[in-house]
Amino acid sequence: MTSRRGKATGAASEAEAAAPRVSAPRVKGARTEPRESPAVPEAVQPSARRCGPARPSGSRGEKSGPDPQEKRQVRARAARAEDQAEGPAARTEGVMPPAAPAPPLPRPASRREGTARSARERRPQPGPTEVPGPLVPVPSLGRGKEAPGAWKPRAVLDKLRLSRQEISAAAEVVNRLTDHLLRRLQSCESEFKGVALLGTGSYYERVKISAPNEFDVMFKLEVPRIQLEEYSNSGVHYFVKFKRNPKGNPLGQFLEGEILSASKMLSKFRKIIKEEIKNIEDTDVMVERKKRGSPAVTLLVRKPEEISVDIILALESKSSWPASTQGGMPISNWLGAKVKNNFRRQPLYLVPKHAKEGSGFQEETWRLSFSHIEKEILKNHGQSKTCCEIDGVKCCRKECLKLMKYLLEQLKKKFGNRKELDKFCSYHVKTAFFHVCTQDPDDSQWHSKDLELCFDNCVTYFLQCLKTEQLEHYFIPEVNLFSRDQVDKLSKEFLSKQIEYERNNGFPVFGEF
């Protein structure tokens, strides 16, 4: 079975990490009201090179400037000149970057309010912050026999393509399993009688790679008349309260005072599933041991092939999105303001992913999930409504995302005995990819023939995020997924060096493992 390192648990995130809210460095005098354009603050925004034809300002459909072939020729000449000037560079694979002092540990907050650590949650740990200028090609780290560009992205994608037979067999097993559990949860004696299925994750987004052996399945439960109370000014974690709590509410048993306890609900949800799989006779399945802080109940199907299924309980609320989401999801120039407004009218989901509190967790908190919106964005990813349809022009957006996910997956396999890559997950890659799509909104910038150039653009952006330690949550712009509270500086430097090495040597890791 393919290793599960780096898989984000649950539809809530493929690591929609419970990141602290931060205030990124801002240019003095810059306006602070919610913004729509670049999702990363201008002072720290990684500026990605454009892939595909350049376009003049104010003219969306016109093409101008050098074509991609000319760009690649220019880059190749520049690289040769640089090599001649600098000579052979040292091999950096596996080299550890200098150690950085660890940030001080935060004091535990109170059980409910957590206000004492509020200020630290909003800001990164003190230390020098380099504000990047215009993004430039990464310096050569040493080239192998094959120059960059010699690798074949289409061949890599062909290797990642899932066979219809494999997909069908795996989906049949997962569907049979989830249908059985849904019937049990919807039974009269269950507190989860109103649950319904909501498919999320890479399989349902059609960006699954390697093998159909990991599935995320969300069981949504509508909870009307609730109000959210933000936890510790975090932006992503909330206490859930009922506006009215009439007698006979089946969820009343999960209340901790006024608060709907995430840990209590998840514990009962897990107990029902664990008991019910004993009654499934046609499938060899077991419940994996509970992972601390995970919102999922993970099932392992052992025959005929090993398949991991994360079952996530999610509360569905049809109330307005919280204030922390204002300025997020900057898709107006990409998919259109109308699409954005339609997305914001969709229900809000909360999963039992607890907020960190000191060395432990605040177990009564719930975390916002936007996995249903992410699925819709990837499904209808083109500025043109016919992008990638049978009669439409094919873009390479999803191919770039698959390659980015595969790059991280392969590096985690290569350095599986080291801890530097433990904190990174595919959700980091997906978030960076969404930001590049925001910066390059036109379908002409993602033409299928420019796959290699567009992938390089995504790599460039991700490298700059690592170096500036800034990766904004796509839906909650004040949350930094690369804050030092979440990913230490040493780990970011290590991953950056490995990606630079791969990029400058034609991505040899794609041919390994």
# chains A, B, ... in the order shown; residues from 1 in each chain; ligands from 1
$ select_by_dssp --residues "region 343-414 of chain A" --states "helix (DSSP H, G or I)" --output "list in words"
Phe343, Arg344, Ser371, His372, Ile373, Glu374, Lys375, Glu376, Ile377, Leu378, Lys379, Arg397, Lys398, Glu399, Cys400, Leu401, Lys402, Leu403, Met404, Lys405, Tyr406, Leu407, Leu408, Glu409, Gln410, Leu411, Lys412, Lys413 and Lys414 of chain A
$ residues_around --residues "Lys303 (chain A)" --least-positions-apart "4" --cutoff "12 Å" --atoms "only C-alpha atoms" --output "number ranges by chain"
A: 1, 169-170, 173-174, 213, 282-286, 307-308
$ residues_around --residues "His381 (chain A)" --least-positions-apart "5" --cutoff "10 Å" --atoms "only C-alpha atoms" --output "ChimeraX atom specification"
/A:334-335,374-376,386-388,395,397-398,434,437,441,443
$ atom_distance --atom1 "CA of Val479 (chain A)" --atom2 "CA of Val429 (chain A)"
15.7 Å
$ select_by_dssp --residues "region 183-297 of chain A" --states "strand (DSSP E)" --output "ChimeraX atom specification"
/A:196-200,214-222,226-230,237-242,255-256,259-260,285-287,296-297
$ atom_distance --atom1 "CA of Tyr474 (chain A)" --atom2 "CA of Lys492 (chain A)"
19.5 Å
$ atom_distance --atom1 "CA of Thr431 (chain A)" --atom2 "CA of Glu472 (chain A)"
7.8 Å
$ residues_around --residues "His237 (chain A)" --least-positions-apart "4" --cutoff "8 Å" --atoms "only C-alpha atoms" --output "MDAnalysis selection string"
chainID A and resid 18 230:231 354:355 365:368
$ residues_around --residues "Val309 (chain A)" --least-positions-apart "4" --cutoff "7 Å" --atoms "only C-alpha atoms" --output "ChimeraX atom specification"
/A:214-216,298-300
$ write_last_selection --atoms "N, CA and C atoms" --output "CSV table (one decimal), in the first residue's frame"
chain,number,residue,atom,x,y,z
A,214,GLU,N,-6.6,5.8,-1.3
A,214,GLU,CA,-6.9,6.7,-0.2
A,214,GLU,C,-8.1,7.5,-0.5
A,215,PHE,N,-9.1,7.5,0.3
A,215,PHE,CA,-10.4,8.2,0.1
A,215,PHE,C,-10.8,9.0,1.3
A,216,ASP,N,-11.3,10.2,1.1
A,216,ASP,CA,-11.9,11.0,2.1
A,216,ASP,C,-13.4,11.1,1.9
A,298,THR,N,-10.5,6.6,10.7
A,298,THR,CA,-9.8,6.0,9.5
A,298,THR,C,-10.1,4.5,9.5
A,299,LEU,N,-10.6,4.0,8.4
A,299,LEU,CA,-10.9,2.6,8.2
A,299,LEU,C,-9.9,2.1,7.2
A,300,LEU,N,-9.4,0.9,7.5
A,300,LEU,CA,-8.5,0.2,6.6
A,300,LEU,C,-9.1,-1.1,6.0
$ decode --residues "region 264-370 of chain A" --atoms "C-alpha atoms" --output "tab-separated table (two decimals), in the first residue's frame"
chain	number	residue	atom	x	y	z
A	264	LYS	CA	-17.73	14.18	22.65
A	265	MET	CA	-19.44	14.03	19.26
A	266	LEU	CA	-16.41	12.53	17.55
A	267	SER	CA	-16.04	9.92	20.29
A	268	LYS	CA	-19.67	8.75	19.89
A	269	PHE	CA	-19.39	8.86	16.09
A	270	ARG	CA	-16.28	6.70	16.25
A	271	LYS	CA	-17.92	4.25	18.68
A	272	ILE	CA	-20.92	3.65	16.38
A	273	ILE	CA	-18.68	3.06	13.35
A	274	LYS	CA	-16.37	0.75	15.27
A	275	GLU	CA	-19.30	-1.39	16.38
A	276	GLU	CA	-20.99	-1.42	12.98
A	277	ILE	CA	-18.06	-2.64	10.89
A	278	LYS	CA	-18.28	-5.90	12.81
A	279	ASN	CA	-21.56	-6.48	10.96
A	280	ILE	CA	-20.04	-6.02	7.50
A	281	GLU	CA	-19.57	-9.56	6.26
A	282	ASP	CA	-18.43	-9.03	2.68
A	283	THR	CA	-15.49	-6.70	3.41
A	284	ASP	CA	-12.35	-7.22	5.49
A	285	VAL	CA	-12.16	-3.87	7.27
A	286	MET	CA	-10.81	-2.54	10.56
A	287	VAL	CA	-10.71	0.81	12.39
A	288	GLU	CA	-7.22	2.21	12.72
A	289	ARG	CA	-5.99	3.56	16.03
A	290	LYS	CA	-7.14	7.10	16.80
A	291	LYS	CA	-4.65	9.79	15.82
A	292	ARG	CA	-4.29	12.61	18.30
A	293	GLY	CA	-5.91	15.77	16.97
A	294	SER	CA	-7.31	14.09	13.87
A	295	PRO	CA	-10.94	14.78	12.85
A	296	ALA	CA	-11.29	11.48	10.99
A	297	VAL	CA	-12.24	7.92	11.77
A	298	THR	CA	-9.82	6.00	9.55
A	299	LEU	CA	-10.89	2.63	8.16
A	300	LEU	CA	-8.48	0.19	6.57
A	301	VAL	CA	-9.85	-2.22	3.98
A	302	ARG	CA	-7.38	-5.10	3.80
A	303	LYS	CA	-8.71	-7.24	0.92
A	304	PRO	CA	-8.57	-7.58	-2.03
A	305	GLU	CA	-6.37	-4.46	-2.03
A	306	GLU	CA	-5.48	-2.20	0.87
A	307	ILE	CA	-7.59	0.97	0.84
A	308	SER	CA	-7.63	3.67	3.50
A	309	VAL	CA	-10.90	5.55	4.02
A	310	ASP	CA	-11.12	8.63	6.22
A	311	ILE	CA	-14.67	9.18	7.49
A	312	ILE	CA	-15.12	12.78	8.68
A	313	LEU	CA	-18.10	14.08	10.60
A	314	ALA	CA	-18.98	17.65	9.58
A	315	LEU	CA	-21.55	20.06	10.92
A	316	GLU	CA	-23.46	21.85	8.16
A	317	SER	CA	-24.60	25.41	8.87
A	318	LYS	CA	-26.51	27.58	6.43
A	319	SER	CA	-25.66	30.79	8.27
A	320	SER	CA	-23.37	33.46	6.81
A	321	TRP	CA	-19.65	32.83	6.56
A	322	PRO	CA	-17.63	34.30	9.46
A	323	ALA	CA	-15.91	37.69	9.25
A	324	SER	CA	-12.50	35.98	9.07
A	325	THR	CA	-13.31	34.89	5.51
A	326	GLN	CA	-13.76	38.45	4.24
A	327	GLY	CA	-11.08	39.14	1.63
A	328	GLY	CA	-10.48	35.43	1.09
A	329	MET	CA	-11.20	33.27	-1.97
A	330	PRO	CA	-9.91	35.94	-4.43
A	331	ILE	CA	-11.43	34.39	-7.57
A	332	SER	CA	-13.32	37.39	-9.01
A	333	ASN	CA	-10.75	38.04	-11.75
A	334	TRP	CA	-10.35	34.32	-12.39
A	335	LEU	CA	-13.75	32.60	-12.17
A	336	GLY	CA	-15.86	35.73	-11.82
A	337	ALA	CA	-17.59	37.73	-9.09
A	338	LYS	CA	-20.86	35.90	-9.73
A	339	VAL	CA	-19.25	32.53	-9.08
A	340	LYS	CA	-17.66	33.87	-5.91
A	341	ASN	CA	-20.99	35.14	-4.63
A	342	ASN	CA	-22.61	31.79	-5.39
A	343	PHE	CA	-19.89	29.98	-3.45
A	344	ARG	CA	-20.33	32.25	-0.45
A	345	ARG	CA	-24.01	31.39	-0.36
A	346	GLN	CA	-23.23	27.70	0.02
A	347	PRO	CA	-23.41	26.08	3.48
A	348	LEU	CA	-20.54	26.36	5.90
A	349	TYR	CA	-18.94	23.19	7.29
A	350	LEU	CA	-17.13	22.60	10.57
A	351	VAL	CA	-15.13	19.48	11.40
A	352	PRO	CA	-13.97	18.24	14.84
A	353	LYS	CA	-10.35	19.27	14.34
A	354	HIS	CA	-9.25	20.76	17.64
A	355	ALA	CA	-7.22	23.93	18.11
A	356	LYS	CA	-3.79	23.58	19.65
A	357	GLU	CA	-3.60	24.89	23.20
A	358	GLY	CA	-0.14	24.85	24.69
A	359	SER	CA	1.16	21.30	24.43
A	360	GLY	CA	-2.34	19.89	24.03
A	361	PHE	CA	-5.63	20.64	22.29
A	362	GLN	CA	-8.79	22.61	23.04
A	363	GLU	CA	-11.11	19.65	22.48
A	364	GLU	CA	-14.35	21.56	22.37
A	365	THR	CA	-13.42	23.52	19.23
A	366	TRP	CA	-14.42	22.94	15.61
A	367	ARG	CA	-12.49	24.02	12.51
A	368	LEU	CA	-13.86	25.57	9.34
A	369	SER	CA	-13.71	23.40	6.23
A	370	PHE	CA	-13.85	24.62	2.63
